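Visitor: Here you go, one structure.
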Amino acid sequence: MGSHPFVIGSGKFFAVTVLLCASLAVSGCAPQRVAFTQGIRTQYDLGSEQLKDLQYFVSGDITLQREFHSEEGGVSGNHKLVTKEGGLVEQVIIPAGTPGIATEVGDTSLAVSFEPGASLSFGSPPADRDPERKYKLSARRWTDYYGEIVYEGKVFYAVDGSGQAYLEVGLESLDAVQKKKKVLPGMTLPSK
């Protein structure tokens with residue numbers, strides 16, 4: 001049996017070409033995100049309400065875990081119970097790219113919620129004057145391996161490089177917030 005060349009009819013060729021162009025156009029229009037910094041906050045002169053109007057995303061995976069005691073009852077929300085080193089561990093996993101909203105605003109920090117009723121703190125230390133410092137995941141204290149965080153009123157440990165996660169915002173989101181600002185020119189009395 002001889003081999004036959006693969007031939008695409010003109011209608012199929014057109015459909016394949018349209019699909020290819022459409023997929024390239026969609027991928028080219030993907031929203032561009034930038035790290036959220038104190039410099040962006042200053043540059044755009046973002047107040048508390050504007051900061052709450054922005055859509056935030058987490059840059060990298062965040063894994064929170066704690067030992068789970070059976071007398072505490074069930075696990076809340078989308079948390080998981082996993083067996084680790086012979087015991088039960090409650091985990092909260094926030095994958096990279098997960099969207100969140102600001103629920104509280106500090107001078108150099110934001111509390112961002114990725115699920116109803118709970119939030120994580122991200123910020124730049126007030127003593128650090130570097131305007132390009134990213135708003136990273138904050139903890140009560142950090143060691144070389146984990147950070148101690150209170151989440152939903154319980155102590156969790158941020159593990160597996162979670163301390164490197166920071167907030168990102170879409171440039172179009174920043175532009176939309178900036179356009180909503182209204183600068184008043186003031187009023188003067190009419191000339192006599």
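Chain labels run A, B, ... following the order of the structure tokens; each chain numbers its residues from 1, and ligands are numbered from 1 in the order shown.
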Extract, using only C-alpha atoms, all DNA, RNA and protein residues at most 7 Å from range 48-59 of chain A, discarding same-chain residues fewer than 3 positions from it, and format them as a PyMOL selection string.
Guide: chain A and resi 96-103+105+165-169+173-174+177
Visitor: Report as a VMD selection string all protein, DNA and RNA residues lying within 12 Å of Arg140 in chain A, evaluated on only C-alpha atoms, omitting residues in the same chain fewer than 4 positions from it.
Guide: chain A and resid 120 to 122 146 to 151 155 to 158 163
Visitor: Measuring between only C-alpha atoms, which one of A:Ser191, A:Asp107, A:Leu171, A:Phe68 shows the shortest distance to Thr42 in chain A?
Guide: A:Asp107
